[in-house]
Each structure stands twice: as structure tokens, then as C-alpha cells.
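Engineer: upload_30.cif (mmCIF, C-alpha atoms) pasted underneath:
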data_run
loop_
_atom_site.label_atom_id
_atom_site.label_comp_id
_atom_site.auth_asym_id
_atom_site.auth_seq_id
_atom_site.Cartn_x
_atom_site.Cartn_y
_atom_site.Cartn_z
CA MET I 157 21.98 -5.96 57.14
CA SER I 158 18.47 -6.36 58.48
CA GLU I 159 15.54 -7.11 56.18
CA PRO I 160 12.68 -4.60 56.53
CA SER I 161 9.59 -5.12 54.50
CA SER I 162 9.29 -3.50 51.10
CA PRO I 163 6.30 -2.68 48.91
CA ALA I 164 5.57 -4.44 45.69
CA PRO I 165 7.62 -3.16 42.80
CA GLY I 166 4.62 -2.16 40.76
CA SER I 167 3.85 -2.54 37.12
CA ASP I 168 6.34 -3.03 34.33
CA ARG I 169 7.52 -0.26 32.05
CA VAL I 170 5.22 0.82 29.28
CA ARG I 171 6.33 -0.87 26.08
CA ARG I 172 7.74 1.46 23.46
CA PRO I 173 8.04 0.85 19.72
CA ARG I 174 11.27 -0.90 18.73
CA SER I 175 12.00 2.03 16.39
CA ILE I 176 12.52 4.10 19.55
CA THR I 177 14.15 1.54 21.83
CA VAL I 178 16.52 0.06 19.22
CA LEU I 179 16.71 2.06 16.00
CA LEU I 180 17.19 5.56 17.42
CA PRO I 181 20.04 4.59 19.80
CA VAL I 182 21.80 2.72 17.00
CA LEU I 183 21.46 5.68 14.63
CA GLY I 184 22.71 7.97 17.37
CA LEU I 185 25.79 5.82 17.95
CA ILE I 186 26.50 5.74 14.21
CA ALA I 187 26.22 9.54 13.99
CA VAL I 188 28.55 10.03 16.97
CA ALA I 189 31.06 7.53 15.52
CA LEU I 190 31.05 9.34 12.17
CA CYS I 191 31.60 12.67 13.93
CA GLY I 192 34.49 11.17 15.88
CA LEU I 193 36.09 9.75 12.73
CA PHE I 194 35.70 13.09 10.96
CA VAL I 195 37.33 15.01 13.81
CA PHE I 196 40.17 12.48 14.10
CA GLY I 197 40.77 12.57 10.35
CA THR I 198 40.73 16.37 10.26
CA VAL I 199 43.22 16.72 13.12
CA THR I 200 45.47 14.02 11.67
CA GLU I 201 45.45 15.75 8.27
CA LYS I 202 46.48 19.04 9.87
CA VAL I 203 49.31 17.90 12.15
CA GLY I 204 50.13 14.31 11.19
CA LEU I 205 49.70 10.98 12.98
CA PRO I 206 52.84 11.14 15.21
CA ALA I 207 51.82 14.57 16.47
CA VAL I 208 48.26 13.36 17.09
CA THR I 209 49.66 10.47 19.14
CA ILE I 210 51.68 12.88 21.28
CA GLY I 211 48.62 15.12 21.55
CA VAL I 212 46.43 12.26 22.80
CA LEU I 213 48.96 11.22 25.44
CA ALA I 214 49.37 14.80 26.67
CA ALA I 215 45.61 15.47 26.64
CA LEU I 216 44.88 12.41 28.80
CA VAL I 217 46.43 14.05 31.88
CA PRO I 218 44.25 17.18 32.20
CA VAL I 219 41.08 15.35 31.17
CA ALA I 220 41.66 12.75 33.90
CA VAL I 221 41.99 15.54 36.48
CA VAL I 222 38.84 17.31 35.26
CA VAL I 223 36.71 14.14 35.08
CA THR I 224 37.84 13.08 38.55
CA ALA I 225 36.87 16.50 39.92
CA PHE I 226 33.35 16.31 38.48
CA LEU I 227 32.91 12.74 39.73
CA TRP I 228 33.72 14.11 43.19
CA VAL I 229 31.00 16.73 42.71
CA ASP I 230 28.58 13.97 41.71
CA ARG I 231 29.04 11.75 44.76
CA TRP I 232 25.72 12.31 46.58
CA GLU I 233 23.34 11.68 43.70
CA PRO I 234 25.47 9.89 41.07
CA GLU I 235 24.20 10.36 37.54
CA PRO I 236 23.83 7.29 35.29
CA PRO I 237 27.28 6.38 33.92
CA LYS I 238 25.90 5.99 30.40
CA LEU I 239 24.61 9.58 30.44
CA LEU I 240 27.94 10.89 31.75
CA LEU I 241 29.75 8.97 29.02
CA LEU I 242 27.31 10.26 26.41
CA SER I 243 27.81 13.85 27.58
CA PHE I 244 31.59 13.43 27.32
CA VAL I 245 31.32 11.91 23.84
CA TRP I 246 28.96 14.68 22.76
CA GLY I 247 31.53 17.28 23.75
CA ALA I 248 34.46 15.37 22.24
CA CYS I 249 32.77 14.61 18.92
CA VAL I 250 29.47 16.35 18.16
CA ALA I 251 30.14 19.74 19.78
CA THR I 252 33.68 19.73 18.38
CA ILE I 253 32.60 19.14 14.80
CA ILE I 254 29.88 21.82 15.06
CA ALA I 255 32.44 24.29 16.37
CA LEU I 256 35.01 23.28 13.76
CA LEU I 257 32.65 23.82 10.84
CA LEU I 258 31.07 27.07 12.02
CA ASN I 259 34.30 28.64 13.33
CA SER I 260 36.09 27.80 10.08
CA GLY I 261 33.26 29.41 8.15
CA ALA I 262 33.38 32.52 10.34
CA GLU I 263 37.14 32.76 9.87
CA ALA I 264 36.82 32.49 6.09
CA VAL I 265 34.11 35.18 5.99
CA GLY I 266 36.20 37.43 8.23
CA ASP I 267 39.24 37.06 5.99
CA LEU I 268 37.12 37.78 2.92
CA LEU I 269 35.45 40.91 4.31
CA LEU I 270 38.20 42.38 6.52
CA GLY I 271 41.39 41.04 5.04
CA THR I 272 43.67 38.10 5.67
CA GLY I 273 44.31 37.54 9.37
CA ALA I 274 41.18 39.30 10.58
CA GLY I 275 39.12 36.12 10.29
CA GLY I 276 41.06 34.45 13.06
CA LYS I 277 40.26 37.25 15.47
CA ILE I 278 36.59 37.28 14.45
CA SER I 279 36.44 33.53 14.97
CA GLY I 280 38.20 33.65 18.34
CA LEU I 281 36.38 36.65 19.79
CA VAL I 282 32.86 36.20 18.39
CA SER I 283 32.22 32.89 16.70
CA ALA I 284 34.05 30.55 19.07
CA PRO I 285 32.38 31.80 22.29
CA LEU I 286 28.91 31.85 20.76
CA VAL I 287 29.14 28.57 18.87
CA GLU I 288 31.17 26.48 21.29
CA GLU I 289 29.11 27.36 24.35
CA ALA I 290 25.89 26.71 22.43
CA ALA I 291 27.20 23.36 21.12
CA LYS I 292 28.16 22.25 24.63
CA ALA I 293 24.89 23.49 26.13
CA ALA I 294 22.76 21.72 23.51
CA PHE I 295 23.30 18.33 25.14
CA ILE I 296 22.39 19.61 28.61
CA LEU I 297 19.27 21.29 27.26
CA LEU I 298 18.29 18.11 25.42
CA LEU I 299 18.81 16.07 28.57
CA TRP I 300 16.69 18.46 30.64
CA TRP I 301 13.93 18.20 28.05
CA ARG I 302 14.03 14.43 27.49
CA ARG I 303 15.12 13.14 30.94
CA PRO I 304 13.84 15.58 33.57
CA ILE I 305 13.92 12.81 36.18
CA GLU I 306 17.72 12.67 35.81
CA PHE I 307 18.12 16.46 35.78
CA ASP I 308 16.67 18.19 38.78
CA GLY I 309 19.09 20.74 40.22
CA VAL I 310 22.20 22.87 40.08
CA VAL I 311 24.62 20.03 40.82
CA ASP I 312 23.23 18.02 37.89
CA GLY I 313 23.71 21.03 35.62
CA ILE I 314 27.29 21.48 36.83
CA VAL I 315 28.15 17.79 36.39
CA TYR I 316 26.70 17.36 32.89
CA ALA I 317 28.15 20.68 31.72
CA GLY I 318 31.52 19.70 33.16
CA PHE I 319 31.58 16.34 31.39
CA THR I 320 30.50 17.86 28.07
CA ALA I 321 33.18 20.55 28.34
CA ALA I 322 35.79 17.99 29.42
CA GLY I 323 35.13 16.05 26.21
CA PHE I 324 35.35 19.21 24.14
CA ALA I 325 38.60 20.31 25.80
CA PHE I 326 40.06 16.82 25.36
CA THR I 327 39.67 16.95 21.58
CA GLU I 328 40.80 20.57 21.42
CA ASN I 329 43.90 19.79 23.48
CA ILE I 330 44.81 16.93 21.16
CA TYR I 331 44.94 19.43 18.30
CA TYR I 332 46.82 22.15 20.17
CA PHE I 333 49.34 19.76 21.73
CA GLY I 334 49.77 17.96 18.42
CA ARG I 335 50.29 21.22 16.52
CA ALA I 336 52.84 22.41 19.07
CA PHE I 337 54.76 19.14 18.69
CA ALA I 338 54.54 19.22 14.89
CA GLU I 339 55.91 22.78 14.76
CA ASN I 340 58.51 22.80 17.56
CA GLY I 341 58.80 19.29 18.98
CA PHE I 342 59.09 19.18 22.75
CA GLY I 343 60.54 22.70 22.79
CA ASP I 344 63.88 24.19 23.78
CA GLY I 345 65.29 27.47 24.98
CA THR I 346 64.34 29.31 21.79
CA SER I 347 60.97 27.81 20.88
CA ALA I 348 57.83 26.77 22.74
CA GLY I 349 56.89 23.18 21.97
CA VAL I 350 54.44 20.71 23.39
CA LEU I 351 55.80 21.06 26.94
CA ALA I 352 55.02 24.79 26.99
CA ALA I 353 51.57 24.14 25.51
CA PHE I 354 50.96 21.47 28.12
CA PHE I 355 51.92 23.85 30.92
CA LEU I 356 49.57 26.56 29.64
CA ARG I 357 46.57 24.36 28.83
CA GLY I 358 47.07 21.29 31.01
CA VAL I 359 48.50 22.81 34.19
CA LEU I 360 47.42 26.47 34.33
CA SER I 361 44.00 26.22 32.70
CA PRO I 362 42.55 22.68 32.48
CA PHE I 363 39.24 23.97 33.89
CA THR I 364 38.64 26.90 31.53
CA HIS I 365 36.23 25.16 29.15
CA PRO I 366 34.40 23.43 32.03
CA LEU I 367 34.24 26.74 33.90
CA PHE I 368 32.55 28.47 30.96
CA ALA I 369 30.11 25.61 30.39
CA VAL I 370 29.29 25.36 34.09
CA MET I 371 27.75 28.85 33.90
CA THR I 372 25.15 27.51 31.48
CA GLY I 373 24.80 24.35 33.55
CA ILE I 374 24.05 26.39 36.67
CA GLY I 375 21.42 28.36 34.74
CA LEU I 376 19.75 25.17 33.51
CA GLY I 377 19.99 23.65 36.99
CA ILE I 378 18.22 26.66 38.50
CA ALA I 379 15.53 26.39 35.83
CA ALA I 380 15.09 22.66 36.46
CA SER I 381 14.51 23.16 40.18
CA SER I 382 12.31 26.28 39.90
CA LYS I 383 8.56 26.54 39.46
CA VAL I 384 8.69 30.22 38.43
CA ARG I 385 8.12 30.39 34.69
CA SER I 386 10.16 33.55 34.12
CA LEU I 387 13.12 32.09 36.02
CA ARG I 388 12.93 28.86 34.01
CA ILE I 389 13.41 30.95 30.86
CA LEU I 390 15.81 33.66 32.04
CA ALA I 391 18.20 31.53 34.14
CA PRO I 392 19.47 29.37 31.21
CA ILE I 393 19.75 32.43 28.96
CA GLY I 394 21.65 34.32 31.65
CA GLY I 395 23.98 31.37 32.25
CA TYR I 396 24.71 31.08 28.53
CA VAL I 397 25.41 34.82 28.21
CA VAL I 398 27.86 34.70 31.13
CA ALA I 399 29.56 31.65 29.58
CA VAL I 400 29.94 33.44 26.24
CA LEU I 401 31.29 36.62 27.82
CA LEU I 402 33.85 34.73 29.91
CA HIS I 403 34.91 32.70 26.88
CA ALA I 404 35.30 35.86 24.78
CA LEU I 405 37.28 37.55 27.54
CA TRP I 406 39.62 34.57 27.81
CA ASN I 407 40.17 34.39 24.06
CA GLY I 408 40.58 38.17 23.85
CA ALA I 409 43.30 38.10 26.51
CA ALA I 410 45.18 35.51 24.47
CA LEU I 411 44.61 37.06 21.03
CA LEU I 412 44.81 40.80 21.70
CA GLY I 413 46.69 41.24 24.95
CA GLY I 414 50.24 40.43 25.89
CA ALA I 415 51.51 38.16 28.62
CA LYS I 416 50.64 40.73 31.32
CA THR I 417 47.02 41.02 30.13
CA PHE I 418 46.67 37.25 29.97
CA LEU I 419 48.02 36.80 33.51
CA ASN I 420 45.81 39.60 34.85
CA VAL I 421 42.70 37.97 33.38
CA TYR I 422 43.82 34.60 34.69
CA PHE I 423 44.61 35.61 38.27
CA LEU I 424 42.13 38.46 38.77
CA ILE I 425 39.07 36.97 37.04
CA MET I 426 39.36 33.26 36.25
CA VAL I 427 40.93 32.07 39.50
CA PRO I 428 38.47 33.98 41.76
CA LEU I 429 35.59 32.77 39.58
CA PHE I 430 36.81 29.19 39.87
CA ILE I 431 36.98 29.58 43.66
CA GLY I 432 33.44 31.01 43.63
CA VAL I 433 32.08 28.07 41.60
CA PHE I 434 33.88 25.65 43.90
CA SER I 435 32.19 27.33 46.88
CA VAL I 436 28.80 26.94 45.19
CA VAL I 437 29.53 23.24 44.63
CA VAL I 438 30.44 22.73 48.29
CA MET I 439 27.24 24.47 49.42
CA GLN I 440 25.14 22.41 47.01
CA ARG I 441 26.73 19.17 48.22
CA ARG I 442 25.85 20.10 51.80
CA ARG I 443 22.31 20.88 50.66
CA GLU I 444 22.08 17.45 49.03
CA GLN I 445 23.24 15.83 52.26
CA ARG I 446 20.52 17.68 54.18
CA ILE I 447 17.88 16.55 51.69
CA VAL I 448 18.89 12.91 52.09
CA ALA I 449 19.14 13.13 55.90
CA ALA I 450 15.68 14.76 56.11
CA ALA I 451 14.12 11.99 53.99
CA LEU I 452 15.54 9.03 55.93
CA PRO I 453 13.02 9.11 58.84
CA MET I 454 10.15 8.98 56.33
CA MET I 455 11.78 5.97 54.67
CA VAL I 456 12.06 4.27 58.05
CA ASP I 457 8.35 4.93 58.69
CA ALA I 458 7.52 3.47 55.26
CA ARG I 459 9.70 0.46 56.15
CA TRP I 460 11.86 0.97 53.09
CA ILE I 461 15.03 1.06 55.18
CA ALA I 462 15.99 -0.17 58.65
CA PRO I 463 16.36 2.34 61.53
CA SER I 464 19.91 1.07 62.15
CA GLU I 465 20.89 2.16 58.62
CA VAL I 466 20.07 5.85 59.09
CA PRO I 467 23.50 6.90 60.43
CA LEU I 468 25.20 4.86 57.70
CA LEU I 469 23.17 6.56 54.95
CA ALA I 470 23.28 10.12 56.29
CA SER I 471 26.90 10.87 55.38
CA LEU I 472 29.35 10.03 52.63
CA SER I 473 31.87 8.76 55.17
CA GLY I 474 29.26 6.42 56.65
CA ARG I 475 28.34 5.11 53.21
CA ARG I 476 31.99 4.61 52.29
CA SER I 477 32.67 2.70 55.52
CA TRP I 478 29.60 0.51 54.90
CA ARG I 479 30.79 -0.43 51.40
CA LYS I 480 34.32 -1.01 52.66
CA GLN I 481 33.07 -3.31 55.40
CA ALA I 482 30.83 -5.20 52.96
CA ARG I 483 33.74 -5.71 50.61
CA LYS I 484 36.02 -6.87 53.41
CA GLN I 485 33.50 -9.38 54.77
CA SER I 486 31.61 -10.53 51.68
CA GLY I 487 33.57 -9.48 48.58
CA ARG I 488 33.40 -6.92 45.79
CA ALA I 489 29.95 -8.01 44.57
CA ALA I 490 28.48 -7.34 48.01
CA ALA I 491 30.05 -3.88 48.11
CA LYS I 492 28.54 -3.11 44.70
CA ALA I 493 25.13 -4.30 45.89
CA VAL I 494 25.38 -2.02 48.94
CA GLY I 495 26.39 0.84 46.62
CA ARG I 496 23.31 0.28 44.44
CA TYR I 497 21.17 0.19 47.58
CA GLN I 498 22.64 3.49 48.79
CA SER I 499 22.14 5.13 45.39
CA SER I 500 18.49 4.05 45.25
CA VAL I 501 17.92 5.56 48.71
CA THR I 502 19.46 8.85 47.56
CA GLU I 503 17.39 8.98 44.37
CA LEU I 504 14.22 8.26 46.32
CA ALA I 505 15.05 11.13 48.68
CA PHE I 506 15.51 13.56 45.79
CA LEU I 507 12.48 12.27 43.92
CA ARG I 508 10.13 12.93 46.83
CA ARG I 509 11.49 16.19 48.21
CA GLY I 510 8.70 18.77 48.56
CA ARG I 511 6.76 17.72 45.48
CA THR I 512 3.68 15.83 44.37
CA LEU I 513 4.75 12.94 42.17
CA THR I 514 3.57 12.88 38.58
CA ASP I 515 2.70 9.60 36.87
CA GLU I 516 6.27 9.48 35.57
CA GLY I 517 7.55 10.18 39.08
CA LYS I 518 5.42 7.39 40.55
CA GLN I 519 6.71 4.99 37.92
CA ARG I 520 10.26 6.05 38.74
CA GLN I 521 9.59 5.53 42.44
CA ARG I 522 8.40 1.99 41.78
CA GLU I 523 11.53 1.30 39.76
CA LEU I 524 13.76 2.67 42.52
CA LEU I 525 11.97 0.63 45.18
CA GLN I 526 12.54 -2.47 43.06
CA VAL I 527 16.24 -1.63 42.82
CA LEU I 528 16.32 -1.04 46.57
CA LYS I 529 14.67 -4.40 47.23
CA THR I 530 16.80 -6.45 44.84
CA SER I 531 20.11 -4.84 45.83
CA ARG I 532 19.28 -5.38 49.52
CA ALA I 533 18.43 -9.02 48.86
CA GLU I 534 21.67 -9.46 46.92
CA ALA I 535 23.77 -7.88 49.69
CA VAL I 536 22.06 -10.06 52.33
CA ARG I 537 22.54 -13.21 50.25
CA LEU I 538 26.24 -12.51 49.75
CA ALA I 539 26.69 -11.64 53.42
CA ASP I 540 24.99 -14.88 54.52
CA GLY I 541 27.17 -16.90 52.16
CA ALA I 542 30.44 -15.26 53.19
CA PRO I 543 32.85 -17.32 55.32
CA ARG I 544 32.87 -16.26 58.96
CA GLY I 545 36.15 -15.27 60.58
#
Written as C-alpha cells, how would this file's structure read?
Structural biologist:
Amino acid sequence: MSEPSSPAPGSDRVRRPRSITVLLPVLGLIAVALCGLFVFGTVTEKVGLPAVTIGVLAALVPVAVVVTAFLWVDRWEPEPPKLLLLSFVWGACVATIIALLLNSGAEAVGDLLLGTGAGGKISGLVSAPLVEEAAKAAFILLLWWRRPIEFDGVVDGIVYAGFTAAGFAFTENIYYFGRAFAENGFGDGTSAGVLAAFFLRGVLSPFTHPLFAVMTGIGLGIAASSKVRSLRILAPIGGYVVAVLLHALWNGAALLGGAKTFLNVYFLIMVPLFIGVFSVVVMQRRREQRIVAAALPMMVDARWIAPSEVPLLASLSGRRSWRKQARKQSGRAAAKAVGRYQSSVTELAFLRRGRTLTDEGKQRQRELLQVLKTSRAEAVRLADGAPRG
């Protein structure tokens, strides 16, 4: 790994009051923990601890598949792990408790006004789509508002929406799987137990909640990357409306239709829509690759990277081979340092694409250049100290 020159890292971060840097994060963690405890206690009270245990074990399988899929989407410009974790926790705890309280209230009002049993349909067809999609979208909207540097396109919207929805679906699956086990055990020829519930929710439709939320995420991603004021307002609203309508259609097929209606909605609407979103993701990943490849010559001219590194940075396969080689020759720490170096190059490419940097952008560029410099130095140090074969 050659050692091109690098500019000075620039000034330090502006100091913020400790009430912001320490107190607010602590209060946020306490609030999330309380939400999580409330949800866990509520589910346990409804189905019992053994059923909750079975529900957790069953829910781990689909959530692992969904999270892995969205990490694959996020490979070119990886989002900060702490924000991905926070988005998952938001969906699993905060969004879940909001939905639980408001949907329960809607069901009670429906039963009171329309008679017993009607509240469940009102909750499933009206309240749940409106409330749940809004609760999941709230985190993405907050992130776009507070951390615009970390949210700058459609892929970011898809990834954060997917993680938030994955957390929400994880908690919801614990309840549904646990209830199925509490009522019918594992199931047999005459009753549908947790295995049937797992097949329906974990095998056939693990991506339904993420698919709905991704509609809002795409809308917010379009708004984040657009300079047209009307589009920045209408795209998120349109995405949310589509998410609500799809959610209502899915719930309506389950609540009002029979097996044939459910399967028609699944195969004729949800599966093609999933394929369409997957196609959008593939196109956006290719676009991200082009953005990075187009920025590399400028980085060479600025002497941020070495010319010999361009082919290694221009493709995911080249990056993966570079990390693999670094790990083989110099160890895991060297591979991690190369990974940080690659990520800083990607973020610099996205930060500078077709825009004039604001003061915040310039500060972010200085931070990324410092990461680039230190990770390079670390990789070189580890490579020089590695035993030669």
C-alpha cells in the first residue's frame, strides 16, 4: 500500500454542551429501554413466558434473513452501525409501543361504536396501516432532519426503512408466534400452531413490513437527493400513502378475504412489487458504483489515494479481494483498517458529487480525510510489521 500525501485534517469538532452530548443520549437510551420492557411485559402477560421464548426463537430466523438482505443493499456506502442498530431498536420498541397503544384504542372505540368484533377490523384496516407506517417512518424523518450528511439518497431511505421495519416485524412476530404456540402448540393435523404461523409469516412473507416501509423510505430518499422544493414535500407524502394502502390491502386480504383472496394478493401484487423494489435496489447500487468510480480520478489528482488503488476501489469484488489479501498477509486488524479506508473513500465520493459543500460538508470532509489518513497509516504499519513468507 503506497503512501500518497494527504492534507491536514483540519480543525477539531465544535464543542457542544454536555447536556446534548451526554444527557440527551442517556435519556434516549432510558426511554427506549422502558419501551422495550413495556412491550416485553405486555406480550408476556398475554401469552405467557414459555410461549414468548418460543416466539423469540422462531422470530430470530426471518429477522436474520431480512437484516442480511438490507446489509447487502448497504454495501457501497455503509451506514454507521450505531444508526442501523438505533433504527432497528426504534422499530422493535418505540414504533411497536406507539402502534400497540393507538391500535388498541382504535379497536376499543370500534367495538363501542359498531359492536363487538368490529373494532378488530377497524384497527386492522384503518388504524394499523396509518399508525404503524407513521411510527416506522418517524425515525427516518428524524434522521433526515437531524443527520442529513448520513441520509442522502434512495438507498439510504431503503436501508433505514428496512431496518426499522425489521425491528417492528421482529417484535410483532414474537407475539404472533407466541400466541400460536400458547393456543395450539406446534400444531397438528387439526389445528394450526406455531409451525403454520412460522410458514405464513417467516417463510412466505418475512419482507411484508419492510416492503411497506420501503415505500416511505424511497419517498424520503428522493426528497433528500432533490433540490426541487415541491418534490421534497410530495415524494415523502406519496411514499407514505403507498405504504399505507399496501398495508391496508394486505391486512384486508387476511381479515376479509378467504385463502384464495390472500394468495391472489400475495402472488399478483406483493411478489411483483417485491421484484420491482429489488430491481430499483440493483439499479441504485450500480448508480452508487458509478458515482464512486467517477470520483476516483479526482481523488488521485488531489493525492488522497494512489493511482494503483483505483481498480481496487472501483468495484465491490476488488475491495473484497483487497481486504482478504490484507487479512491473509497482515491479520484481521489490517483488513479492518483497509475496510475503514475504503469506506472513507466512498463517503468522500458521495459527499462531493455535483454539489458545493456547506460548512457542515467541509467539516465532514476534513473528518473523512482524517479517517482516510489514519486508516491508511494503520494498514501500512501492520503490513510492514507482518512476517514475510
Engineer: Determine, counting all atoms listed in the file, every residue of protein, DNA or RNA that lies within 8 Å of (26.0, 31.9, 26.8) in the file coordinates, then give the result as an MDAnalysis selection string.
Structural biologist: chainID I and resid 285:286 289:290 371:372 393:401
Engineer: Expand the PyMOL selection byres ((chain I and resi 296) around 12) into the explicit residue set it covers here, and present it as a ChimeraX atom specification.
Structural biologist: /I:239-240,242-244,246-247,251,289-295,297-304,306-308,310,312-321,369-377,380,392,396
Engineer: Could you save the residues just selected, with C-alpha atoms, as a short mmCIF file (atom, residue, chain, number, x, y, z; two decimals), in the frame of the given file?
Structural biologist:
data_model
loop_
_atom_site.label_atom_id
_atom_site.label_comp_id
_atom_site.auth_asym_id
_atom_site.auth_seq_id
_atom_site.Cartn_x
_atom_site.Cartn_y
_atom_site.Cartn_z
CA LEU I 239 24.61 9.58 30.44
CA LEU I 240 27.94 10.89 31.75
CA LEU I 242 27.31 10.26 26.41
CA SER I 243 27.81 13.85 27.58
CA PHE I 244 31.59 13.43 27.32
CA TRP I 246 28.96 14.68 22.76
CA GLY I 247 31.53 17.28 23.75
CA ALA I 251 30.14 19.74 19.78
CA GLU I 289 29.11 27.36 24.35
CA ALA I 290 25.89 26.71 22.43
CA ALA I 291 27.20 23.36 21.12
CA LYS I 292 28.16 22.25 24.63
CA ALA I 293 24.89 23.49 26.13
CA ALA I 294 22.76 21.72 23.51
CA PHE I 295 23.30 18.33 25.14
CA LEU I 297 19.27 21.29 27.26
CA LEU I 298 18.29 18.11 25.42
CA LEU I 299 18.81 16.07 28.57
CA TRP I 300 16.69 18.46 30.64
CA TRP I 301 13.93 18.20 28.05
CA ARG I 302 14.03 14.43 27.49
CA ARG I 303 15.12 13.14 30.94
CA PRO I 304 13.84 15.58 33.57
CA GLU I 306 17.72 12.67 35.81
CA PHE I 307 18.12 16.46 35.78
CA ASP I 308 16.67 18.19 38.78
CA VAL I 310 22.20 22.87 40.08
CA ASP I 312 23.23 18.02 37.89
CA GLY I 313 23.71 21.03 35.62
CA ILE I 314 27.29 21.48 36.83
CA VAL I 315 28.15 17.79 36.39
CA TYR I 316 26.70 17.36 32.89
CA ALA I 317 28.15 20.68 31.72
CA GLY I 318 31.52 19.70 33.16
CA PHE I 319 31.58 16.34 31.39
CA THR I 320 30.50 17.86 28.07
CA ALA I 321 33.18 20.55 28.34
CA ALA I 369 30.11 25.61 30.39
CA VAL I 370 29.29 25.36 34.09
CA MET I 371 27.75 28.85 33.90
CA THR I 372 25.15 27.51 31.48
CA GLY I 373 24.80 24.35 33.55
CA ILE I 374 24.05 26.39 36.67
CA GLY I 375 21.42 28.36 34.74
CA LEU I 376 19.75 25.17 33.51
CA GLY I 377 19.99 23.65 36.99
CA ALA I 380 15.09 22.66 36.46
CA PRO I 392 19.47 29.37 31.21
CA TYR I 396 24.71 31.08 28.53
#
Engineer: So how many Å separate atom CA of I:Thr224 and atom CA of I:Gly408, to one decimal?
Structural biologist: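 Answer for the atom CA of I:Thr224 to atom CA of I:Gly408 separation: 29.2 Å.
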Engineer: Just the residues within 12 Å of I:Gly275, please, counting all atoms listed in the file, with nothing from its chain fewer than 5 positions along; format it as a VMD selection string.
Structural biologist: chain I and resid 259 to 270 280 to 284
Engineer: Smallest atom-to-atom distance to I:Pro366: which of I:Leu469, I:Leu402, I:Ala348, I:Ile461, using all atoms listed in the file?
Structural biologist: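 Checking each candidate against I:Pro366, we get I:Leu402 as the closest.
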Engineer: Exactly which residues make up the result of the PyMOL selection byres ((chain I and resi 195) around 9) on this file, given as a list in words?
Structural biologist: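 Going through the file, the PyMOL selection byres ((chain I and resi 195) around 9) ends up selecting Leu190, Cys191, Gly192, Leu193, Phe194, Phe196, Gly197, Thr198, Val199, Thr200, Ala248, Cys249, Thr252, Ile253, Leu256 and Thr327 of chain I.
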Engineer: Please, could you write that set of residues out with C-alpha atoms as an mmCIF file, in the coordinates of the input?
Structural biologist:
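Written out: out.cif:
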data_model
loop_
_atom_site.group_PDB
_atom_site.id
_atom_site.type_symbol
_atom_site.label_atom_id
_atom_site.label_comp_id
_atom_site.auth_asym_id
_atom_site.auth_seq_id
_atom_site.Cartn_x
_atom_site.Cartn_y
_atom_site.Cartn_z
ATOM 1 C CA LEU I 190 31.050 9.340 12.170
ATOM 2 C CA CYS I 191 31.600 12.670 13.930
ATOM 3 C CA GLY I 192 34.490 11.170 15.880
ATOM 4 C CA LEU I 193 36.090 9.750 12.730
ATOM 5 C CA PHE I 194 35.700 13.090 10.960
ATOM 6 C CA PHE I 196 40.170 12.480 14.100
ATOM 7 C CA GLY I 197 40.770 12.570 10.350
ATOM 8 C CA THR I 198 40.730 16.370 10.260
ATOM 9 C CA VAL I 199 43.220 16.720 13.120
ATOM 10 C CA THR I 200 45.470 14.020 11.670
ATOM 11 C CA ALA I 248 34.460 15.370 22.240
ATOM 12 C CA CYS I 249 32.770 14.610 18.920
ATOM 13 C CA THR I 252 33.680 19.730 18.380
ATOM 14 C CA ILE I 253 32.600 19.140 14.800
ATOM 15 C CA LEU I 256 35.010 23.280 13.760
ATOM 16 C CA THR I 327 39.670 16.950 21.580
#
